[in-house]
file work_21.txt (compact mmCIF, C-alpha atoms)
# COMPACT_ATOMS: atom_id res chain seq x y z
CA MET A 177 -31.13 10.10 13.08
CA ASN A 178 -30.49 8.63 16.53
CA SER A 179 -31.50 11.26 19.11
CA LYS A 180 -29.77 9.84 22.21
CA HIS A 181 -26.46 11.44 21.18
CA HIS A 182 -25.58 15.11 21.19
CA TRP A 183 -24.64 15.33 17.53
CA ILE A 184 -22.08 17.66 16.03
CA SER A 185 -22.37 18.24 12.29
CA THR A 186 -19.18 18.56 10.23
CA PRO A 187 -19.15 19.88 6.65
CA ILE A 188 -17.90 17.33 4.12
CA THR A 189 -15.04 19.08 2.35
CA ALA A 190 -11.91 18.12 0.45
CA GLU A 191 -9.92 18.32 3.71
CA ILE A 192 -11.53 15.12 4.99
CA VAL A 193 -11.95 13.26 1.67
CA ARG A 194 -9.02 11.28 0.28
CA GLY A 195 -8.73 9.47 -3.04
CA ALA A 196 -11.08 11.78 -4.99
CA LEU A 197 -9.81 14.31 -7.50
CA GLU A 198 -12.85 16.56 -7.28
CA LEU A 199 -16.00 17.06 -5.20
CA GLU A 200 -19.10 18.18 -7.06
CA HIS A 201 -21.69 20.10 -5.05
CA THR A 202 -25.14 18.67 -5.79
CA ALA A 203 -28.67 19.40 -4.61
CA HIS A 204 -28.16 16.82 -1.86
CA GLY A 205 -24.52 17.19 -0.79
CA VAL A 206 -21.25 16.41 -2.52
CA LEU A 207 -20.45 13.76 -5.13
CA PRO A 208 -16.84 12.51 -5.26
CA HIS A 209 -15.33 12.25 -8.74
CA ARG A 210 -12.21 10.38 -9.79
CA LEU A 211 -11.78 12.44 -12.95
CA PRO A 212 -11.80 16.24 -12.91
CA GLY A 213 -14.58 18.19 -14.59
CA TRP A 214 -12.51 19.26 -17.59
CA ALA A 215 -11.73 15.59 -18.33
CA ARG A 216 -15.35 14.50 -17.94
CA ALA A 217 -16.36 17.22 -20.40
CA GLN A 218 -14.21 15.64 -23.11
CA CYS A 219 -16.15 12.36 -23.24
CA SER A 220 -19.90 11.75 -23.29
CA ASP A 221 -19.66 7.98 -22.72
CA GLY A 222 -22.17 6.91 -20.09
CA GLN A 223 -20.01 3.97 -19.01
CA LEU A 224 -17.12 6.31 -18.18
CA ALA A 225 -19.44 8.73 -16.36
CA MET A 226 -20.77 5.89 -14.21
CA ALA A 227 -17.33 4.41 -13.53
CA GLU A 228 -15.52 7.58 -12.54
CA SER A 229 -18.31 8.60 -10.16
CA GLN A 230 -18.09 5.26 -8.34
CA PRO A 231 -15.69 6.11 -5.50
CA SER A 232 -13.22 3.21 -5.59
CA GLY A 233 -10.45 4.06 -3.12
CA VAL A 234 -12.26 7.18 -1.85
CA ARG A 235 -12.54 7.51 1.92
CA LEU A 236 -13.29 10.00 4.67
CA ALA A 237 -10.23 10.39 6.89
CA LEU A 238 -10.89 11.79 10.37
CA ARG A 239 -9.22 12.22 13.75
CA THR A 240 -11.67 12.24 16.64
CA ARG A 241 -12.63 11.15 20.15
CA ALA A 242 -16.12 10.30 18.95
CA THR A 243 -17.59 6.93 19.87
CA ALA A 244 -20.47 7.25 17.38
CA LEU A 245 -20.61 8.50 13.80
CA GLU A 246 -23.50 8.89 11.39
CA LEU A 247 -23.17 9.47 7.66
CA ASP A 248 -26.14 10.34 5.44
CA VAL A 249 -25.63 9.18 1.86
CA LEU A 250 -27.60 8.99 -1.37
CA PRO A 251 -26.40 5.96 -3.34
CA THR A 252 -27.18 5.11 -6.95
CA LYS A 253 -27.88 1.41 -7.41
CA ARG A 254 -27.51 -0.47 -10.71
CA VAL A 255 -30.13 -2.95 -11.87
CA TYR A 256 -29.53 -5.06 -14.99
CA THR A 257 -32.75 -6.20 -16.65
CA GLY A 258 -33.04 -9.98 -16.40
CA ALA A 259 -30.02 -10.35 -14.12
CA PRO A 260 -30.04 -11.08 -10.37
CA ALA A 261 -30.23 -8.11 -8.03
CA ARG A 262 -26.86 -6.67 -7.12
CA PRO A 263 -25.97 -6.47 -3.41
CA ASP A 264 -25.96 -3.09 -1.72
CA GLY A 265 -22.60 -1.32 -1.68
CA VAL A 266 -20.44 -1.82 1.40
CA TYR A 267 -18.91 0.91 3.55
CA ASP A 268 -15.78 -0.13 5.47
CA LEU A 269 -14.90 1.53 8.79
CA LEU A 270 -11.23 1.48 9.76
CA VAL A 271 -9.99 2.57 13.19
CA ASP A 272 -6.26 3.25 13.36
CA GLY A 273 -5.84 1.30 10.15
CA ARG A 274 -7.83 -1.79 11.19
CA LEU A 275 -11.15 -2.82 9.69
CA THR A 276 -13.64 -2.80 12.56
CA SER A 277 -17.09 -2.52 10.99
CA GLN A 278 -19.03 -2.68 7.72
CA ALA A 279 -22.43 -1.31 6.78
CA SER A 280 -24.71 -0.74 3.79
CA VAL A 281 -27.56 1.56 2.83
CA SER A 282 -30.60 0.34 0.95
CA GLY A 283 -32.79 2.49 -1.26
CA GLY A 284 -31.43 5.48 -3.10
CA ASN A 285 -31.49 6.21 -6.82
CA VAL A 286 -31.88 3.30 -9.22
CA LEU A 287 -30.18 3.05 -12.61
CA THR A 288 -31.82 0.34 -14.75
CA ILE A 289 -29.70 -0.96 -17.63
CA ASP A 290 -31.07 -3.24 -20.35
CA LEU A 291 -28.14 -5.13 -21.85
CA THR A 292 -30.23 -6.36 -24.80
CA THR A 293 -31.25 -2.89 -26.00
CA GLY A 294 -28.69 -0.60 -24.37
CA SER A 295 -31.43 1.52 -22.83
CA VAL A 296 -30.89 3.15 -19.44
CA GLY A 297 -33.57 4.34 -17.04
CA HIS A 298 -33.19 6.42 -13.88
CA ARG A 299 -35.51 6.46 -10.87
CA PRO A 300 -34.76 8.98 -8.10
CA GLY A 301 -34.73 7.83 -4.50
CA THR A 302 -34.05 9.07 -1.00
CA ALA A 303 -30.97 9.21 1.19
CA GLY A 304 -30.22 6.75 3.97
CA THR A 305 -28.10 6.79 7.12
CA LEU A 306 -25.08 4.74 8.14
CA ALA A 307 -24.54 4.45 11.88
CA PHE A 308 -21.21 3.41 13.37
CA THR A 309 -21.42 3.06 17.15
CA ASP A 310 -19.29 1.71 19.98
CA LEU A 311 -16.09 3.16 18.60
CA PRO A 312 -13.22 2.94 21.12
CA ASP A 313 -12.67 5.82 23.53
CA GLY A 314 -9.81 8.24 23.06
CA VAL A 315 -8.24 9.97 20.11
CA LYS A 316 -8.11 7.78 17.03
CA ASP A 317 -7.85 7.99 13.27
CA VAL A 318 -11.02 6.85 11.53
CA GLU A 319 -11.53 6.12 7.85
CA ILE A 320 -14.84 5.43 6.15
CA TRP A 321 -14.18 3.81 2.76
CA LEU A 322 -17.03 4.39 0.32
CA PRO A 323 -18.44 1.58 -1.86
CA HIS A 324 -16.10 0.97 -4.76
CA ASP A 325 -18.86 0.19 -7.29
CA GLU A 326 -21.80 2.36 -6.23
CA SER A 327 -22.01 6.11 -6.89
CA THR A 328 -22.44 7.84 -3.55
CA GLU A 329 -23.48 11.39 -2.77
CA LEU A 330 -22.31 12.43 0.70
CA VAL A 331 -25.13 14.34 2.37
CA ALA A 332 -24.18 14.89 6.04
CA LEU A 333 -21.67 13.78 8.68
CA ARG A 334 -22.46 13.76 12.39
CA SER A 335 -20.47 12.68 15.44
CA ASP A 336 -20.83 12.76 19.21
CA ALA A 337 -17.50 14.58 19.56
CA PRO A 338 -15.66 17.00 17.28
CA VAL A 339 -13.81 15.63 14.25
CA GLU A 340 -10.94 17.10 12.30
CA PRO A 341 -9.06 15.99 9.21
CA ALA A 342 -6.72 13.11 9.92
CA PRO A 343 -3.10 14.25 9.75
CA ASP A 344 -0.98 13.50 6.72
CA PRO A 345 0.43 10.02 7.39
CA GLY A 346 3.66 10.93 5.61
CA ARG A 347 3.41 7.97 3.25
CA LYS A 348 4.19 7.93 -0.43
CA VAL A 349 1.23 8.41 -2.77
CA TRP A 350 0.57 5.58 -5.23
CA LEU A 351 -1.46 6.61 -8.28
CA HIS A 352 -2.89 3.66 -10.21
CA HIS A 353 -4.95 3.44 -13.40
CA GLY A 354 -6.58 0.35 -14.85
CA SER A 355 -9.80 -1.37 -15.88
CA SER A 356 -12.76 -2.74 -13.93
CA ILE A 357 -10.40 -5.27 -12.35
CA SER A 358 -8.43 -2.38 -10.81
CA HIS A 359 -11.71 -0.57 -10.12
CA GLY A 360 -12.64 -3.56 -7.95
CA SER A 361 -15.35 -5.38 -9.87
CA ASP A 362 -16.66 -8.34 -7.81
CA ALA A 363 -14.54 -7.51 -4.74
CA GLN A 364 -16.61 -7.81 -1.57
CA SER A 365 -15.82 -4.39 -0.11
CA PRO A 366 -13.80 -1.25 -0.87
CA THR A 367 -10.77 -2.30 1.18
CA GLY A 368 -10.93 -5.71 -0.51
CA THR A 369 -10.11 -4.50 -4.02
CA TRP A 370 -6.67 -5.62 -5.10
CA PRO A 371 -5.23 -2.05 -5.24
CA ALA A 372 -6.51 -1.30 -1.72
CA LEU A 373 -5.02 -4.55 -0.42
CA ALA A 374 -1.69 -3.86 -2.14
CA ALA A 375 -1.60 -0.29 -0.83
CA ALA A 376 -2.15 -1.48 2.74
CA ARG A 377 0.69 -3.99 2.45
CA GLY A 378 2.95 -1.46 0.75
CA ARG A 379 2.10 1.23 3.34
CA VAL A 380 1.24 3.84 0.72
CA GLU A 381 -1.64 6.23 0.16
CA LEU A 382 -3.80 5.05 -2.75
CA ILE A 383 -5.41 7.10 -5.48
CA ASN A 384 -7.28 4.55 -7.57
CA LEU A 385 -8.14 5.61 -11.11
CA GLY A 386 -9.28 2.14 -12.08
CA LEU A 387 -12.22 2.89 -14.38
CA GLY A 388 -14.51 0.00 -15.23
CA GLY A 389 -14.68 -0.47 -19.00
CA SER A 390 -12.73 2.75 -19.53
CA ALA A 391 -8.99 2.03 -19.43
CA LEU A 392 -8.80 2.96 -23.10
CA LEU A 393 -5.63 5.07 -23.37
CA ASP A 394 -7.73 8.23 -23.43
CA PRO A 395 -5.59 11.39 -23.63
CA PHE A 396 -7.64 13.11 -20.91
CA THR A 397 -6.88 10.23 -18.54
CA ALA A 398 -3.17 10.56 -19.30
CA ARG A 399 -3.34 14.29 -18.59
CA THR A 400 -5.16 13.59 -15.32
CA LEU A 401 -2.35 11.22 -14.29
CA ARG A 402 0.17 13.84 -15.37
CA ASP A 403 -1.42 16.54 -13.22
CA THR A 404 -2.10 14.47 -10.07
CA PRO A 405 0.65 14.67 -7.43
CA ALA A 406 2.10 11.21 -6.82
CA ASP A 407 5.31 9.45 -5.85
CA LEU A 408 4.60 6.09 -7.51
CA ILE A 409 2.56 5.47 -10.66
CA SER A 410 1.26 2.33 -12.32
CA VAL A 411 -0.88 1.83 -15.42
CA LYS A 412 -2.54 -1.49 -16.20
CA ILE A 413 -3.20 -1.57 -19.93
CA GLY A 414 -4.89 -4.01 -22.26
CA ILE A 415 -8.10 -5.78 -21.33
CA ASN A 416 -10.46 -2.89 -22.12
CA VAL A 417 -8.70 -2.12 -25.38
CA VAL A 418 -9.35 -5.71 -26.44
CA ASN A 419 -12.88 -6.20 -25.18
CA ALA A 420 -13.99 -2.86 -26.61
CA ASP A 421 -12.32 -3.76 -29.93
CA LEU A 422 -11.16 -0.17 -29.82
CA MET A 423 -8.11 -0.09 -32.07
CA ARG A 424 -5.68 -2.11 -34.11
CA LEU A 425 -2.00 -2.70 -33.43
CA ARG A 426 -1.03 0.19 -35.69
CA ALA A 427 -2.93 2.62 -33.43
CA PHE A 428 -2.19 0.85 -30.15
CA THR A 429 1.59 1.26 -30.19
CA PRO A 430 1.71 5.06 -30.67
CA ALA A 431 -1.23 5.44 -28.26
CA VAL A 432 0.78 3.70 -25.52
CA HIS A 433 3.83 5.85 -26.29
CA GLY A 434 1.70 9.00 -26.16
CA PHE A 435 0.07 7.93 -22.90
CA LEU A 436 3.46 7.35 -21.26
CA ASP A 437 4.90 10.56 -22.75
CA THR A 438 2.08 12.58 -21.21
CA ILE A 439 2.55 11.00 -17.77
CA ARG A 440 6.26 11.70 -17.98
CA ASP A 441 5.56 15.39 -18.73
CA GLY A 442 4.34 15.72 -15.14
CA HIS A 443 6.34 12.97 -13.44
CA PRO A 444 9.70 12.80 -15.24
CA THR A 445 11.50 10.58 -12.71
CA ALA A 446 8.79 8.91 -10.63
CA PRO A 447 8.82 5.10 -10.71
CA LEU A 448 6.35 4.23 -13.49
CA LEU A 449 5.17 0.63 -13.74
CA VAL A 450 3.40 -0.68 -16.84
CA VAL A 451 1.32 -3.77 -16.03
CA SER A 452 -0.01 -6.01 -18.77
CA PRO A 453 -3.33 -7.91 -18.45
CA ILE A 454 -3.87 -10.79 -16.08
CA LEU A 455 -4.82 -14.08 -17.68
CA CYS A 456 -8.26 -14.01 -19.30
CA PRO A 457 -8.73 -17.15 -21.42
CA ILE A 458 -11.57 -15.83 -23.57
CA HIS A 459 -9.31 -13.06 -24.90
CA GLU A 460 -5.84 -14.61 -24.82
CA ASP A 461 -5.95 -15.41 -28.55
CA THR A 462 -9.44 -14.20 -29.52
CA PRO A 463 -10.00 -10.51 -30.28
CA GLY A 464 -12.94 -8.47 -29.11
CA PRO A 465 -15.48 -7.20 -28.94
CA CYS A 466 -16.57 -8.73 -25.67
CA ALA A 467 -20.28 -8.94 -24.97
CA PRO A 468 -22.55 -10.27 -22.25
CA ASP A 469 -23.65 -13.83 -22.93
CA LEU A 470 -27.37 -13.09 -22.90
CA SER A 471 -28.20 -16.78 -22.75
CA THR A 472 -26.97 -16.82 -19.15
CA LEU A 473 -29.16 -13.97 -17.87
CA GLY A 474 -32.05 -16.25 -16.99
CA THR A 475 -29.79 -18.65 -15.10
CA GLY A 476 -28.97 -16.19 -12.33
CA ARG A 477 -25.44 -15.62 -13.64
CA LEU A 478 -23.97 -13.06 -16.00
CA ARG A 479 -21.08 -14.28 -18.15
CA PHE A 480 -19.13 -12.71 -20.99
CA ALA A 481 -18.01 -14.03 -24.35
CA ALA A 482 -15.39 -12.95 -26.90
CA MET A 483 -17.01 -12.22 -30.25
CA GLY A 484 -13.97 -11.77 -32.49
CA ASP A 485 -12.26 -14.12 -34.92
CA PRO A 486 -8.72 -15.29 -34.01
CA ALA A 487 -7.78 -15.19 -37.69
CA GLU A 488 -8.22 -11.40 -37.64
CA THR A 489 -5.07 -10.93 -35.57
CA ALA A 490 -3.19 -11.21 -38.87
CA SER A 491 -4.79 -7.92 -39.93
CA GLY A 492 -3.91 -6.15 -36.66
CA LYS A 493 -6.75 -7.01 -34.33
CA LEU A 494 -5.62 -7.13 -30.72
CA THR A 495 -5.58 -10.01 -28.27
CA LEU A 496 -4.06 -10.17 -24.80
CA THR A 497 -1.16 -12.21 -26.17
CA VAL A 498 -0.41 -9.50 -28.76
CA ILE A 499 -0.74 -6.69 -26.22
CA ARG A 500 1.59 -8.29 -23.67
CA ALA A 501 4.31 -8.76 -26.26
CA GLU A 502 3.95 -5.18 -27.48
CA LEU A 503 3.92 -3.64 -24.00
CA GLU A 504 7.01 -5.62 -23.01
CA ARG A 505 8.79 -4.43 -26.15
CA ILE A 506 7.76 -0.78 -25.66
CA VAL A 507 8.93 -0.72 -22.05
CA ARG A 508 12.18 -2.51 -22.85
CA GLU A 509 13.06 -0.02 -25.56
CA ARG A 510 11.97 3.09 -23.65
CA SER A 511 13.73 2.03 -20.45
CA ALA A 512 17.09 2.43 -22.20
CA ASP A 513 16.51 6.19 -21.75
CA ASP A 514 14.12 5.99 -18.80
CA PRO A 515 15.63 3.94 -15.97
CA HIS A 516 12.54 4.54 -13.78
CA LEU A 517 10.21 2.80 -16.22
CA HIS A 518 9.32 -0.82 -15.38
CA TYR A 519 7.20 -3.68 -16.74
CA LEU A 520 5.17 -6.35 -14.93
CA ASP A 521 3.54 -9.24 -16.76
CA GLY A 522 -0.04 -9.49 -15.46
CA ARG A 523 0.16 -13.28 -15.54
CA ASP A 524 2.59 -13.04 -12.62
CA LEU A 525 -0.39 -11.68 -10.68
CA TYR A 526 -2.91 -14.20 -12.02
CA GLY A 527 -1.91 -16.92 -14.45
CA GLU A 528 -2.74 -20.41 -15.66
CA ALA A 529 -2.34 -22.15 -12.30
CA ASP A 530 -4.45 -19.49 -10.59
CA PHE A 531 -7.20 -19.84 -13.18
CA ALA A 532 -7.30 -23.58 -12.58
CA GLU A 533 -7.78 -22.95 -8.85
CA LEU A 534 -9.77 -19.72 -8.92
CA PRO A 535 -11.52 -19.37 -12.30
CA LEU A 536 -13.06 -16.05 -13.27
CA PRO A 537 -16.75 -16.49 -12.38
CA ASP A 538 -18.06 -14.43 -15.31
CA ARG A 539 -15.03 -15.24 -17.54
CA LEU A 540 -13.78 -11.67 -17.17
CA HIS A 541 -13.58 -10.45 -13.55
CA PRO A 542 -11.86 -11.92 -10.48
CA ASP A 543 -13.83 -12.74 -7.34
CA ALA A 544 -12.99 -11.63 -3.81
CA ALA A 545 -10.44 -14.39 -3.16
CA THR A 546 -8.68 -13.62 -6.41
CA HIS A 547 -8.57 -9.89 -5.62
CA ARG A 548 -6.75 -10.80 -2.42
CA ARG A 549 -4.28 -13.00 -4.28
CA ILE A 550 -3.59 -10.33 -6.89
CA GLY A 551 -3.18 -7.64 -4.22
CA GLU A 552 -0.76 -9.74 -2.19
CA ARG A 553 1.29 -10.61 -5.25
CA PHE A 554 1.41 -7.05 -6.51
CA ALA A 555 2.59 -5.87 -3.10
CA ARG A 556 5.36 -8.48 -3.09
CA LEU A 557 6.44 -7.89 -6.69
CA ALA A 558 6.23 -4.09 -6.67
CA PHE A 559 6.94 -2.95 -3.12
CA THR A 560 9.62 -5.40 -1.96
CA GLY A 561 12.92 -6.79 -3.16
CA GLY A 562 13.86 -5.41 -6.54
CA GLY A 563 10.32 -4.26 -7.34
CA ALA A 564 9.59 -1.01 -9.15
CA PHE A 565 8.32 0.67 -5.97
CA ALA A 566 10.74 -0.90 -3.46
CA ASP A 567 12.75 1.53 -1.37
CA GLY A 568 13.41 -0.53 1.74
CA THR A 569 10.49 0.94 3.71
CA ALA A 570 7.60 -1.34 2.70

call {"tool": "encode", "arguments": {"input": "work_21.txt", "output": "structure tokens"}}
result
Amino acid sequence: MNSKHHWISTPITAEIVRGALELEHTAHGVLPHRLPGWARAQCSDGQLAMAESQPSGVRLALRTRATALELDVLPTKRVYTGAPARPDGVYDLLVDGRLTSQASVSGGNVLTIDLTTGSVGHRPGTAGTLAFTDLPDGVKDVEIWLPHDESTELVALRSDAPVEPAPDPGRKVWLHHGSSISHGSDAQSPTGTWPALAAARGRVELINLGLGGSALLDPFTARTLRDTPADLISVKIGINVVNADLMRLRAFTPAVHGFLDTIRDGHPTAPLLVVSPILCPIHEDTPGPCAPDLSTLGTGRLRFAAMGDPAETASGKLTLTVIRAELERIVRERSADDPHLHYLDGRDLYGEADFAELPLPDRLHPDAATHRRIGERFARLAFTGGGAFADGTA
């Protein structure tokens, strides 16, 4: 802790945390969750537990005259055996809506994952401190966006002047659910994920329920979407269902209907946008499962491969081509009775020409430049013109 300031400590409570659905009190502080406890209790999958505790879209929102802030955090880092070290998570500082600073914290807990055996090890660590100094004088709204892909316990918040919760900006709330691509995999920072970029352009408040590896049409996720207050809702469906080889077409169609029915139970007239997968050549016509290409681990790169047989689509195995056609049909038929239901082909966000220019580095996830392209396109297609979320204010 820097001692030259007269620090004021502020409890970290739900009043200053946006984008999380629940705060868990831990031995160290509070851990933001993007699924409520009752939903987490219905699934013991470690991948889901890791993904929902990574605070994509979660930020502290403050109003203050402070010119210096300190935030103590306890991160949990991921290490994949045989793969290059992952960079430390990035914290973005926004002042009156503008990105002004970025910082990271080293150390913390370490989660070691062996992709060849599936084993997971955990080594406890210690908290670190983020320091944001030289903030402008005067009253201002400050947001600290937490790393989108690194679980983060919030331990303590200090400032050299009092802070209070930032006022409600009066914007519409956009609730989005999707896969690791929506979660922000391979984006450079939390405000650089495509949903965060789209939300900024659309001038909406984001709640990001993108869950890496876990957009699987789970009923508890649908009920979470149902119960979360929102003005605009989107669900990006498909890639995880394919790469997990989770279900066949016979199960997929009623699962989508049930998922949408549940959302509609809580949001009967909200604009609801169904988004199909972006282009992913390994799975366009080849079913899952998807697996890490272990032969690339020693090269300093992790890449993925589709393990299914294209001939198996005849027996109901799913590919992205099959899923897009089915989602388009479902939305077209349901929209006859639900005029607020809309469809967006994911290839309009990232398609063949984009892949030629900006290929997916690991064959599955977009890089930072592609996140920006997808975010800009989603904002244009959804928030302007005749888009599902357009109301003339974006």

call {"tool": "closest_residue", "arguments": {"input": "work_21.txt", "among": "A:Arg556, A:Ala431, A:Gly283, A:Ala217", "to": "A:Arg299", "atoms": "all atoms listed in the file"}}
result
A:Gly283

call {"tool": "atom_distance", "arguments": {"input": "work_21.txt", "atom1": "atom CA of A:Gly205", "atom2": "atom CA of A:Trp321"}}
result
17.3 Å

call {"tool": "closest_residue", "arguments": {"input": "work_21.txt", "among": "A:Pro453, A:Pro444, A:Pro371, A:Gly434", "to": "A:Phe554", "atoms": "only C-alpha atoms"}}
result
A:Pro371

call {"tool": "residues_around", "arguments": {"input": "work_21.txt", "residues": "A:Arg334", "least_positions_apart": "4", "cutoff": "7 Å", "atoms": "only C-alpha atoms", "output": "list in words"}}
result
Trp183, Ile184, Ser185, Thr186, Leu245, Glu246 and Leu247 of chain A

call {"tool": "write_last_selection", "arguments": {"input": "work_21.txt", "atoms": "C-alpha atoms", "output": "mmCIF file, in the coordinates of the input"}}
result
data_model
loop_
_atom_site.group_PDB
_atom_site.id
_atom_site.type_symbol
_atom_site.label_atom_id
_atom_site.label_comp_id
_atom_site.auth_asym_id
_atom_site.auth_seq_id
_atom_site.Cartn_x
_atom_site.Cartn_y
_atom_site.Cartn_z
ATOM 1 C CA TRP A 183 -24.640 15.330 17.530
ATOM 2 C CA ILE A 184 -22.080 17.660 16.030
ATOM 3 C CA SER A 185 -22.370 18.240 12.290
ATOM 4 C CA THR A 186 -19.180 18.560 10.230
ATOM 5 C CA LEU A 245 -20.610 8.500 13.800
ATOM 6 C CA GLU A 246 -23.500 8.890 11.390
ATOM 7 C CA LEU A 247 -23.170 9.470 7.660
#

call {"tool": "residues_around", "arguments": {"input": "work_21.txt", "residues": "A:Ala490", "least_positions_apart": "5", "cutoff": "12 Å", "atoms": "only C-alpha atoms", "output": "VMD selection string"}}
result
chain A and resid 424 to 425 461 to 463 485 495 498

call {"tool": "write_last_selection", "arguments": {"input": "work_21.txt", "atoms": "C-alpha atoms", "output": "PDB file, keeping the file's coordinate frame"}}
result
ATOM      1  CA  ARG A 424      -5.680  -2.110 -34.110  1.00  0.00           C
ATOM      2  CA  LEU A 425      -2.000  -2.700 -33.430  1.00  0.00           C
ATOM      3  CA  ASP A 461      -5.950 -15.410 -28.550  1.00  0.00           C
ATOM      4  CA  THR A 462      -9.440 -14.200 -29.520  1.00  0.00           C
ATOM      5  CA  PRO A 463     -10.000 -10.510 -30.280  1.00  0.00           C
ATOM      6  CA  ASP A 485     -12.260 -14.120 -34.920  1.00  0.00           C
ATOM      7  CA  THR A 495      -5.580 -10.010 -28.270  1.00  0.00           C
ATOM      8  CA  VAL A 498      -0.410  -9.500 -28.760  1.00  0.00           C
TER       9      VAL A 498
END

call {"tool": "closest_residue", "arguments": {"input": "work_21.txt", "among": "A:Leu436, A:Ala482, A:Leu199, A:Leu496", "to": "A:Val417", "atoms": "all atoms listed in the file"}}
result
A:Leu496

call {"tool": "closest_residue", "arguments": {"input": "work_21.txt", "among": "A:Pro537, A:Gly233, A:Gly464, A:Pro542", "to": "A:Arg477", "atoms": "all atoms listed in the file"}}
result
A:Pro537

call {"tool": "residues_near_point", "arguments": {"input": "work_21.txt", "point": "(-16.5, 2.3, 14.4)", "cutoff": "6 Å", "atoms": "only C-alpha atoms", "output": "ChimeraX atom specification"}}
result
/A:269,277,308-309,311

call {"tool": "write_last_selection", "arguments": {"input": "work_21.txt", "atoms": "C-alpha atoms", "output": "PDB file, in the coordinates of the input"}}
result
ATOM      1  CA  LEU A 269     -14.900   1.530   8.790  1.00  0.00           C
ATOM      2  CA  SER A 277     -17.090  -2.520  10.990  1.00  0.00           C
ATOM      3  CA  PHE A 308     -21.210   3.410  13.370  1.00  0.00           C
ATOM      4  CA  THR A 309     -21.420   3.060  17.150  1.00  0.00           C
ATOM      5  CA  LEU A 311     -16.090   3.160  18.600  1.00  0.00           C
TER       6      LEU A 311
END

call {"tool": "atom_distance", "arguments": {"input": "work_21.txt", "atom1": "atom CA of A:Arg274", "atom2": "atom CA of A:Ala363"}}
result
18.2 Å

call {"tool": "closest_atom_pairs", "arguments": {"input": "work_21.txt", "of": "stretch 206-294 of chain A", "to": "stretch 193-197 of chain A", "cutoff": "7 Å", "atoms": "only C-alpha atoms", "output": "CSV"}}
result
residue,atom,partner,partner_atom,distance
A:Pro208,CA,A:Ala196,CA,5.8
A:His209,CA,A:Ala196,CA,5.7
A:Arg210,CA,A:Ala196,CA,5.1
A:Leu211,CA,A:Leu197,CA,6.1
A:Pro212,CA,A:Leu197,CA,6.1
A:Gly233,CA,A:Gly195,CA,5.7
A:Val234,CA,A:Gly195,CA,4.4
A:Arg235,CA,A:Arg194,CA,5.4
A:Leu236,CA,A:Val193,CA,4.6
A:Ala237,CA,A:Val193,CA,6.2

call {"tool": "atom_distance", "arguments": {"input": "work_21.txt", "atom1": "atom CA of A:Asp538", "atom2": "atom CA of A:Gly284"}}
result
26.9 Å

call {"tool": "closest_residue", "arguments": {"input": "work_21.txt", "among": "A:Gly213, A:Gly222, A:Pro366, A:Gly563", "to": "A:Ser295", "atoms": "all atoms listed in the file"}}
result
A:Gly222

call {"tool": "closest_residue", "arguments": {"input": "work_21.txt", "among": "A:Thr489, A:Thr497, A:Ser282, A:Thr276", "to": "A:Val249", "atoms": "all atoms listed in the file"}}
result
A:Ser282

call {"tool": "residues_near_point", "arguments": {"input": "work_21.txt", "point": "(-0.7, -4.8, 3.4)", "cutoff": "10 Å", "atoms": "all atoms listed in the file", "output": "PyMOL selection string"}}
result
chain A and resi 372-380+551-552+555-556+570

call {"tool": "closest_atom_pairs", "arguments": {"input": "work_21.txt", "of": "stretch 384-476 of chain A", "to": "stretch 504-509 of chain A", "cutoff": "10 Å", "atoms": "all atoms listed in the file", "output": "CSV"}}
result
residue,atom,partner,partner_atom,distance
A:Thr429,CA,A:Ile506,CA,7.9
A:Pro430,CA,A:Ile506,CA,9.8
A:Val432,CA,A:Ile506,CA,8.3
A:His433,CA,A:Ile506,CA,7.7
A:Leu436,CA,A:Val507,CA,9.8
A:Leu449,CA,A:Val507,CA,9.2
A:Val450,CA,A:Val507,CA,7.6
A:Val451,CA,A:Glu504,CA,9.2
A:Ser452,CA,A:Glu504,CA,8.2

call {"tool": "closest_atom_pairs", "arguments": {"input": "work_21.txt", "of": "stretch 391-464 of chain A", "to": "stretch 340-353 of chain A", "cutoff": "9 Å", "atoms": "only C-alpha atoms", "output": "Markdown table"}}
result
| residue | atom | partner | partner_atom | distance |
| --- | --- | --- | --- | --- |
| A:Ala391 | CA | A:His353 | CA | 7.4 |
| A:Thr397 | CA | A:His353 | CA | 8.7 |
| A:Leu401 | CA | A:Leu351 | CA | 7.6 |
| A:Thr404 | CA | A:Leu351 | CA | 8.1 |
| A:Pro405 | CA | A:Val349 | CA | 7.8 |
| A:Ala406 | CA | A:Val349 | CA | 5.0 |
| A:Asp407 | CA | A:Val349 | CA | 5.2 |
| A:Leu408 | CA | A:Trp350 | CA | 4.7 |
| A:Ile409 | CA | A:Leu351 | CA | 4.8 |
| A:Ser410 | CA | A:His352 | CA | 4.8 |
| A:Val411 | CA | A:His353 | CA | 4.8 |
| A:Lys412 | CA | A:His353 | CA | 6.2 |
| A:Ile413 | CA | A:His353 | CA | 8.4 |

call {"tool": "residues_around", "arguments": {"input": "work_21.txt", "residues": "A:Asn285", "least_positions_apart": "4", "cutoff": "8 Å", "atoms": "all atoms listed in the file", "output": "PDB file with C-alpha atoms, keeping the file's coordinate frame"}}
result
ATOM      1  CA  LEU A 250     -27.600   8.990  -1.370  1.00  0.00           C
ATOM      2  CA  PRO A 251     -26.400   5.960  -3.340  1.00  0.00           C
ATOM      3  CA  THR A 252     -27.180   5.110  -6.950  1.00  0.00           C
ATOM      4  CA  LYS A 253     -27.880   1.410  -7.410  1.00  0.00           C
ATOM      5  CA  HIS A 298     -33.190   6.420 -13.880  1.00  0.00           C
ATOM      6  CA  ARG A 299     -35.510   6.460 -10.870  1.00  0.00           C
ATOM      7  CA  PRO A 300     -34.760   8.980  -8.100  1.00  0.00           C
ATOM      8  CA  GLY A 301     -34.730   7.830  -4.500  1.00  0.00           C
ATOM      9  CA  THR A 302     -34.050   9.070  -1.000  1.00  0.00           C
TER      10      THR A 302
END
